[in-house]
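Input: a single structure, listed below in structure tokens.
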Number of protein chains: 2
Amino acid sequence: MNPRNLLYNSFKVAVASADPLHIVPQHLPKPPKGRTLVVGAGKAAAAMALAVERNWPKRAKLDGIVITRYDHSLPTNRVVVYEAGHPIPDKRGEQAAHKILMEVKQLGVEDLLLCLVSGGGSSLLSLPLPGISMNDLKNVTNKLLRCGATIQEINTVRKHLSIVQGGRLAESCLAPILALIISDVNGNEPTNVASGPCAPDPTTYQDALAVLECYQIEKPKSVIKLLHYGAEGRLSETPKPRDIVFKNIENRVIATSHNSLVAAGEFFRGKGIPAVILGDSVSGEAKHVAKVYAALVNEIRQYGHPWKPPIVLISGGETTVTVNGNGRGGRNTEFLLSLAIELAGARKIYALACDTDGIDGLENNAGAIVRPDSLFRAEQLCIDSTAVLANNDTYTFFKQIGDLVISSPTRTNVGDYRAIMIL
Amino acid sequence: MNPRNLLYNSFKVAVASADPLHIVPQHLPKPPKGRTLVVGAGKAAAAMALAVERNWPKRAKLDGIVITRYDHSLPTNRVVVYEAGHPIPDKRGEQAAHKILMEVKQLGVEDLLLCLVSGGGSSLLSLPLPGISMNDLKNVTNKLLRCGATIQEINTVRKHLSIVQGGRLAESCLAPILALIISDVNGNEPTNVASGPCAPDPTTYQDALAVLECYQIEKPKSVIKLLHYGAEGRLSETPKPRDIVFKNIENRVIATSHNSLVAAGEFFRGKGIPAVILGDSVSGEAKHVAKVYAALVNEIRQYGHPWKPPIVLISGGETTVTVNGNGRGGRNTEFLLSLAIELAGARKIYALACDTDGIDGLENNAGAIVRPDSLFRAEQLCIDSTAVLANNDTYTFFKQIGDLVISSPTRTNVGDYRAIMIL
């Protein structure tokens, strides 16, 4: 198999190992005496719901509502799938979240709530507290997404503006709950995936205020006011770890970045190429992350240390991009172009970086592939690679040299997948 | 030995393996028929000159001039040591460089020029071309150092403004030349250390202009004018690879980052702790580099993969710091505080990062050490670590918690040394 196909197939393996249709069935409990309600939100919500439907005993009561991103639904029978806005929440998400809350409140102790949680759920499942309008929530979310705050920081604020997140959905439910979670966050803490609708929340109103202060976000006033009210003890806090609420609740993480990286590593080893995992939680500016890996690649090429070629370096987690230019591109293409520039056409090195959700940034690609002649081919087209990187126009770069990786939405999400193959 | 001492001693081993007094003697040639002139520039210049003096046959003719940084001289007998400005050049450097050029021009074919080159030499050995004043050179150097240009880019400009760099010192010399080089640059190319006074220069006036254009440096006008003249072919280019000039010239790299990292690795193995080298040419923003290594550390802690603890992760090269705050600190303390924050007090992890020249940034420390309780101890002192990092005040941070590594100038320079120990 050629290097390009090997890399592409390893990406498919990584995605498949987080595919709800493969992994959800083995985690389904026995139906309860009463009714089973399926709710959920995230990029994988429709696929998770379909997996439940297909594997749930025909005679057992099952219905539900899940919310997924536009273009991410699938044809289901018993569970209704709504599509809504991501990463900025919208009215349709709010309406669906309201329906979910109404249904959850009707459950009794003999029923079961099956909550299907995946990345993207924080904005998809948006139901602001009284006093906060959907516009206020959009506004503050937008500011948080652009200021460089971490996803944990953003979620600390969201959890304290929501009726359903930060464990508050669980608070509204009398029935036992099983939350199945596909994690796209570093550390795989249930509270950080989709802002943890059924998970204890260790953060406070005070923490949420501190985040807004840190990034100098002073509007909307309604948001600041509500958080101050909360911090003064005039509103109830999100439920905390060890709270009695969580007695009959299980938050079970069923897919992680690490699982996918391990599966990809086994794929390479099956093809006779050793592979190592350099971490499932890599963060940092994409183009700087590439420089660190380039130095390791050079060590391997020059000294055969710490590993002799052939070897594949696999990593996961989500890098960031600070946008200074006005080009098009996501963190994976940004990572790859920086890597290519650092390696300067070194022979026998191939790399792929893709988002496992199938969408790198805002474009139609999952990511791209770098080959030894990538820069050379760009030069033939009179493309100045360094200028492209400075302009954050890396999507255009890989499109022009024909090395984008295009996949449709994968309907799952365990963060980024990167593989550097040194032959 | 406790972890802190182990790390500190490994740093001393790394520095020792680049110590001119240890490594220069084995590279000294037989004295020529005629006179031997020692010239040189760099942070290691005085120590290299002393090493030559001590090991040169008493009866053979030897004299010379070298330029080192302020506070970096040593008591020599036969070679005169001048101190001058770094990283911004000054008048004293210009005067000494002029003397060096005059002496070199007096050499004949039976003499020998021994050129001692080390990091820092680009600014220490400054003799601008006619039409460029020392103030112009200071001015453009200052701008280049602050705009984010790489050291290669900065040197491309410097080489084309100098009478002695970019191989031009070699052009002025009739005698054979042996240049002994202590490399502080990625790739260890002779032309990139001290702007290669005796090395062929692959760059052109046109390249130098492109660097200034890229970073939008439009002054001083005398510099722009001279480079345009050069690009139009009205000035002679720096000598290029394969030029006849280089027939009797050897540029020999005698110390590198990699040698030092290997020595440190052997030191740890001697103490029963395995060590791996993750690259000798790591670049990238210091705090982002730390995030990539933190992810690897977490992989090792959580999964015992790719190595089981205990293990030491060693790396070299020079990271960068983009200054947004107004605090004090260098790239090594910046790296370490970011690492500490990412690791969040994880047990059994210790790290050291120091510049092998003994000076991290502009302060009196070589670097610092991180211990599992570093953040906790800072918290006890009411220090907000995240705010400190945002303010680039990392020197102050490690000073307050008492974990700076202070060493006097080491009089050598093979870039940074980082070691992360996972026990």
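Ordering of the structure tokens sets the chain letters (A, B, ...); residue numbers start at 1 within each chain; ligands are numbered from 1 in the order shown.
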Kindly provide the residues of chain B that approach chain A to within 10 Å, each paired with its closest atom pair and their distance in Å to one decimal, based on only C-alpha atoms, listed by chain and increasing number, as a tab-separated table.
residue	atom	partner	partner_atom	distance
B:Asn186	CA	A:Ala295	CA	9.5
B:Gly187	CA	A:Asn298	CA	9.8
B:Cys214	CA	A:Ala387	CA	8.8
B:His258	CA	A:Glu299	CA	9.3
B:Ala275	CA	A:Pro306	CA	9.4
B:Val276	CA	A:Pro306	CA	6.0
B:Ile277	CA	A:Pro306	CA	6.6
B:Leu278	CA	A:Leu296	CA	5.1
B:Gly279	CA	A:Leu296	CA	4.8
B:Asp280	CA	A:Ala295	CA	6.8
B:Ser281	CA	A:Ala295	CA	5.4
B:Val282	CA	A:Ala295	CA	5.2
B:Ser283	CA	A:Lys291	CA	6.0
B:Gly284	CA	A:His288	CA	4.8
B:Glu285	CA	A:His288	CA	6.2
B:Ala286	CA	A:His288	CA	8.8
B:Lys287	CA	A:Gly284	CA	8.0
B:His288	CA	A:Gly284	CA	4.8
B:Val289	CA	A:Val292	CA	6.3
B:Ala290	CA	A:Gly284	CA	8.5
B:Lys291	CA	A:Gly284	CA	5.9
B:Val292	CA	A:Val282	CA	5.5
B:Tyr293	CA	A:Val282	CA	8.4
B:Ala294	CA	A:Val282	CA	7.9
B:Ala295	CA	A:Gly279	CA	4.9
B:Leu296	CA	A:Gly279	CA	4.8
B:Val297	CA	A:Gly279	CA	7.8
B:Asn298	CA	A:Gly279	CA	6.9
B:Glu299	CA	A:Gly279	CA	5.0
B:Ile300	CA	A:Gly279	CA	8.3
B:Gln302	CA	A:Gly279	CA	9.9
B:Tyr303	CA	A:Gly279	CA	9.7
B:His305	CA	A:Ile277	CA	7.2
B:Pro306	CA	A:Val276	CA	6.0
B:Trp307	CA	A:Val276	CA	9.7
B:Ser315	CA	A:Ala295	CA	9.1
B:Gly316	CA	A:Ala295	CA	9.2
B:Gly317	CA	A:Ala295	CA	8.7
B:Thr319	CA	A:Val292	CA	9.7
B:Glu342	CA	A:Ser283	CA	9.6
B:Ala387	CA	A:Cys214	CA	8.9
Requested in this report: Mind checking which residues fall within 12 Å of range 52-64 of chain A, counting only C-alpha atoms, ignoring those fewer than 5 positions away in the same chain, and posting them as JSON, numbers by chain?
Outcome: {"A": [20, 21, 22, 23, 24, 25, 26, 27, 28, 29, 30, 31, 32, 33, 34, 35, 36, 37, 38, 39, 40, 41, 45, 46, 47, 74, 75, 76, 77, 78, 79, 80, 81, 82, 96, 97, 99, 100, 101, 102, 103, 104, 107, 111, 112, 113, 114, 115, 116, 180]}
Query raised in the report: Which polymer residues have any atom within 12 Å of an atom of Leu375 in chain B, counting only C-alpha atoms, with same-chain residues fewer than 4 positions away left out, as a PyMOL selection string?
Result: chain B and resi 336-347+369-371+379-386+388+397-398+400-401+403
Report summary line: CA of Tyr417 in chain B to CA of Ile273 in chain B measures 17.7 Å
Near-range 205-211 of chain B list (6 Å; only C-alpha atoms; drop same-chain fewer than 2 positions) as a PDB file with N, CA, C and O atoms, in the first residue's frame:
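Output saved as part-v9.pdb:
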ATOM      1  N   THR B 156      21.209  36.542   7.362  1.00  0.00           N
ATOM      2  CA  THR B 156      21.237  36.826   5.919  1.00  0.00           C
ATOM      3  C   THR B 156      21.445  38.319   5.698  1.00  0.00           C
ATOM      4  O   THR B 156      22.227  38.733   4.843  1.00  0.00           O
ATOM      5  N   VAL B 157      20.761  39.111   6.514  1.00  0.00           N
ATOM      6  CA  VAL B 157      20.930  40.562   6.418  1.00  0.00           C
ATOM      7  C   VAL B 157      22.320  40.963   6.902  1.00  0.00           C
ATOM      8  O   VAL B 157      23.064  41.666   6.213  1.00  0.00           O
ATOM      9  N   GLU B 213      11.792  43.101   3.602  1.00  0.00           N
ATOM     10  CA  GLU B 213      10.443  43.324   3.071  1.00  0.00           C
ATOM     11  C   GLU B 213       9.420  42.499   3.842  1.00  0.00           C
ATOM     12  O   GLU B 213       8.357  42.981   4.214  1.00  0.00           O
ATOM     13  N   CYS B 214       9.778  41.233   4.074  1.00  0.00           N
ATOM     14  CA  CYS B 214       8.855  40.315   4.748  1.00  0.00           C
ATOM     15  C   CYS B 214       8.433  40.884   6.102  1.00  0.00           C
ATOM     16  O   CYS B 214       7.269  40.794   6.487  1.00  0.00           O
ATOM     17  N   LEU B 227      21.672  47.368   0.076  1.00  0.00           N
ATOM     18  CA  LEU B 227      21.213  46.040  -0.351  1.00  0.00           C
ATOM     19  C   LEU B 227      20.672  46.090  -1.785  1.00  0.00           C
ATOM     20  O   LEU B 227      20.868  45.158  -2.564  1.00  0.00           O
ATOM     21  N   GLY B 230      23.575  46.089  -4.052  1.00  0.00           N
ATOM     22  CA  GLY B 230      24.106  44.732  -4.135  1.00  0.00           C
ATOM     23  C   GLY B 230      23.253  43.861  -5.035  1.00  0.00           C
ATOM     24  O   GLY B 230      23.766  43.117  -5.883  1.00  0.00           O
ATOM     25  N   ALA B 231      21.931  43.950  -4.860  1.00  0.00           N
ATOM     26  CA  ALA B 231      21.024  43.114  -5.638  1.00  0.00           C
ATOM     27  C   ALA B 231      21.114  43.442  -7.130  1.00  0.00           C
ATOM     28  O   ALA B 231      20.881  42.583  -7.984  1.00  0.00           O
TER      29      ALA B 231
END
Query raised in the report: Of the candidates A:Gly415, A:Pro409, A:Pro128, A:Pro190, which shows the shortest atom-to-atom distance to Pro89 in chain A, using only C-alpha atoms?
Result: A:Pro128
Requested in this report: Mind listing the alpha helix (DSSP H) residues of range 241-353 of chain A, per DSSP on the backbone, as a PyMOL selection string?
Outcome: chain A and resi 257-270+286-303+331-343
**Report entry** DSSP-assigned strand (DSSP E or B) members of range 23-60 of chain A, reported as JSON, numbers by chain
**Finding:** {"A": [36, 37, 38, 39, 40, 41]}
Report task. Please provide the set of residues having any atom within 9 Å of Pro200 in chain A, restricted to only C-alpha atoms, with same-chain residues fewer than 4 positions apart removed, written as a PyMOL selection string. Result -> chain A and resi 166-168+190-191+196+238-243+245-246
Same residues, N, CA, C and O atoms, saved as an mmCIF file, in the first residue's frame:
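Full text of selection_26.cif as output:
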data_model
loop_
_atom_site.group_PDB
_atom_site.id
_atom_site.type_symbol
_atom_site.label_atom_id
_atom_site.label_comp_id
_atom_site.auth_asym_id
_atom_site.auth_seq_id
_atom_site.Cartn_x
_atom_site.Cartn_y
_atom_site.Cartn_z
ATOM 1 N N GLY A 166 -24.200 21.349 33.113
ATOM 2 C CA GLY A 166 -23.568 21.338 34.428
ATOM 3 C C GLY A 166 -24.321 20.443 35.404
ATOM 4 O O GLY A 166 -24.372 20.720 36.604
ATOM 5 N N GLY A 167 -24.915 19.351 34.905
ATOM 6 C CA GLY A 167 -25.616 18.404 35.773
ATOM 7 C C GLY A 167 -27.062 18.779 36.064
ATOM 8 O O GLY A 167 -27.766 18.046 36.775
ATOM 9 N N ARG A 168 -27.536 19.875 35.505
ATOM 10 C CA ARG A 168 -28.881 20.327 35.847
ATOM 11 C C ARG A 168 -29.975 19.510 35.182
ATOM 12 O O ARG A 168 -31.096 19.444 35.703
ATOM 13 N N PRO A 190 -16.460 13.724 32.232
ATOM 14 C CA PRO A 190 -17.848 13.877 31.765
ATOM 15 C C PRO A 190 -18.350 15.318 31.826
ATOM 16 O O PRO A 190 -19.097 15.749 30.956
ATOM 17 N N THR A 191 -17.919 16.088 32.813
ATOM 18 C CA THR A 191 -18.431 17.458 32.916
ATOM 19 C C THR A 191 -17.974 18.346 31.766
ATOM 20 O O THR A 191 -18.568 19.388 31.503
ATOM 21 N N GLY A 196 -21.515 18.560 30.203
ATOM 22 C CA GLY A 196 -21.970 17.584 31.194
ATOM 23 C C GLY A 196 -23.390 17.721 31.706
ATOM 24 O O GLY A 196 -23.594 17.980 32.893
ATOM 25 N N THR A 238 -24.859 24.829 40.370
ATOM 26 C CA THR A 238 -24.929 23.551 39.664
ATOM 27 C C THR A 238 -24.625 22.447 40.674
ATOM 28 O O THR A 238 -23.869 22.663 41.622
ATOM 29 N N PRO A 239 -25.189 21.226 40.498
ATOM 30 C CA PRO A 239 -24.923 20.157 41.464
ATOM 31 C C PRO A 239 -23.454 19.743 41.463
ATOM 32 O O PRO A 239 -22.830 19.681 40.410
ATOM 33 N N LYS A 240 -22.932 19.504 42.644
ATOM 34 C CA LYS A 240 -21.501 19.240 42.815
ATOM 35 C C LYS A 240 -21.227 17.748 42.991
ATOM 36 O O LYS A 240 -22.120 16.974 43.314
ATOM 37 N N PRO A 241 -19.960 17.330 42.803
ATOM 38 C CA PRO A 241 -19.607 15.934 43.052
ATOM 39 C C PRO A 241 -20.060 15.538 44.465
ATOM 40 O O PRO A 241 -20.055 16.371 45.368
ATOM 41 N N ARG A 242 -20.422 14.297 44.668
ATOM 42 C CA ARG A 242 -20.926 13.735 45.941
ATOM 43 C C ARG A 242 -22.341 14.215 46.290
ATOM 44 O O ARG A 242 -22.865 13.867 47.351
ATOM 45 N N ASP A 243 -22.932 15.007 45.407
ATOM 46 C CA ASP A 243 -24.302 15.445 45.631
ATOM 47 C C ASP A 243 -25.207 14.208 45.561
ATOM 48 O O ASP A 243 -24.981 13.307 44.751
ATOM 49 N N VAL A 245 -27.961 13.884 44.337
ATOM 50 C CA VAL A 245 -28.561 13.809 42.992
ATOM 51 C C VAL A 245 -27.954 12.684 42.152
ATOM 52 O O VAL A 245 -28.641 12.017 41.374
ATOM 53 N N PHE A 246 -26.640 12.470 42.320
ATOM 54 C CA PHE A 246 -25.934 11.569 41.414
ATOM 55 C C PHE A 246 -25.946 10.108 41.854
ATOM 56 O O PHE A 246 -25.223 9.286 41.320
#
10 Å contact set for Gly325 in chain A, only C-alpha atoms, chain neighbours under 6 positions out, as a CSV table (one decimal) with N, CA and C atoms, in the first residue's frame:
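Okay, result18.csv is ready:
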chain,number,residue,atom,x,y,z
A,387,ALA,N,4.3,32.6,3.3
A,387,ALA,CA,3.3,33.6,3.3
A,387,ALA,C,1.9,33.0,3.5
A,388,VAL,N,1.6,31.9,2.9
A,388,VAL,CA,0.4,31.2,3.1
A,388,VAL,C,0.1,30.9,4.5
A,389,LEU,N,1.1,30.4,5.2
A,389,LEU,CA,1.0,30.0,6.6
A,389,LEU,C,0.7,31.3,7.5
A,390,ALA,N,1.5,32.4,7.2
A,390,ALA,CA,1.3,33.6,7.9
A,390,ALA,C,-0.2,34.2,7.7
A,391,ASN,N,-0.7,33.9,6.5
A,391,ASN,CA,-2.1,34.4,6.2
A,391,ASN,C,-3.2,33.4,6.6
A,392,ASN,N,-2.8,32.3,7.3
A,392,ASN,CA,-3.7,31.2,7.8
A,392,ASN,C,-4.6,30.8,6.6
A,393,ASP,N,-3.9,30.6,5.4
A,393,ASP,CA,-4.7,30.2,4.2
A,393,ASP,C,-4.3,28.7,3.8
Give me, as an mmCIF file with N, CA and C atoms, in the first residue's frame, all polymer residues having an atom no more than 10 Å from Pro130 in chain A, counting only C-alpha atoms and skipping those fewer than 5 positions away in the same chain.
data_model
loop_
_atom_site.group_PDB
_atom_site.id
_atom_site.type_symbol
_atom_site.label_atom_id
_atom_site.label_comp_id
_atom_site.auth_asym_id
_atom_site.auth_seq_id
_atom_site.Cartn_x
_atom_site.Cartn_y
_atom_site.Cartn_z
ATOM 1 N N LEU A 161 -25.038 29.379 32.887
ATOM 2 C CA LEU A 161 -26.096 30.148 32.227
ATOM 3 C C LEU A 161 -27.218 29.234 31.752
ATOM 4 N N SER A 162 -27.133 27.931 32.084
ATOM 5 C CA SER A 162 -28.010 26.947 31.453
ATOM 6 C C SER A 162 -28.938 26.255 32.447
ATOM 7 N N ILE A 163 -30.115 25.900 31.959
ATOM 8 C CA ILE A 163 -31.044 25.131 32.788
ATOM 9 C C ILE A 163 -30.732 23.637 32.736
ATOM 10 N N LEU A 226 -26.487 38.083 36.097
ATOM 11 C CA LEU A 226 -26.904 36.779 36.586
ATOM 12 C C LEU A 226 -25.767 36.054 37.313
#
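Note that CA of Ser407 in chain A and CA of Pro310 in chain A are 27.5 Å apart.
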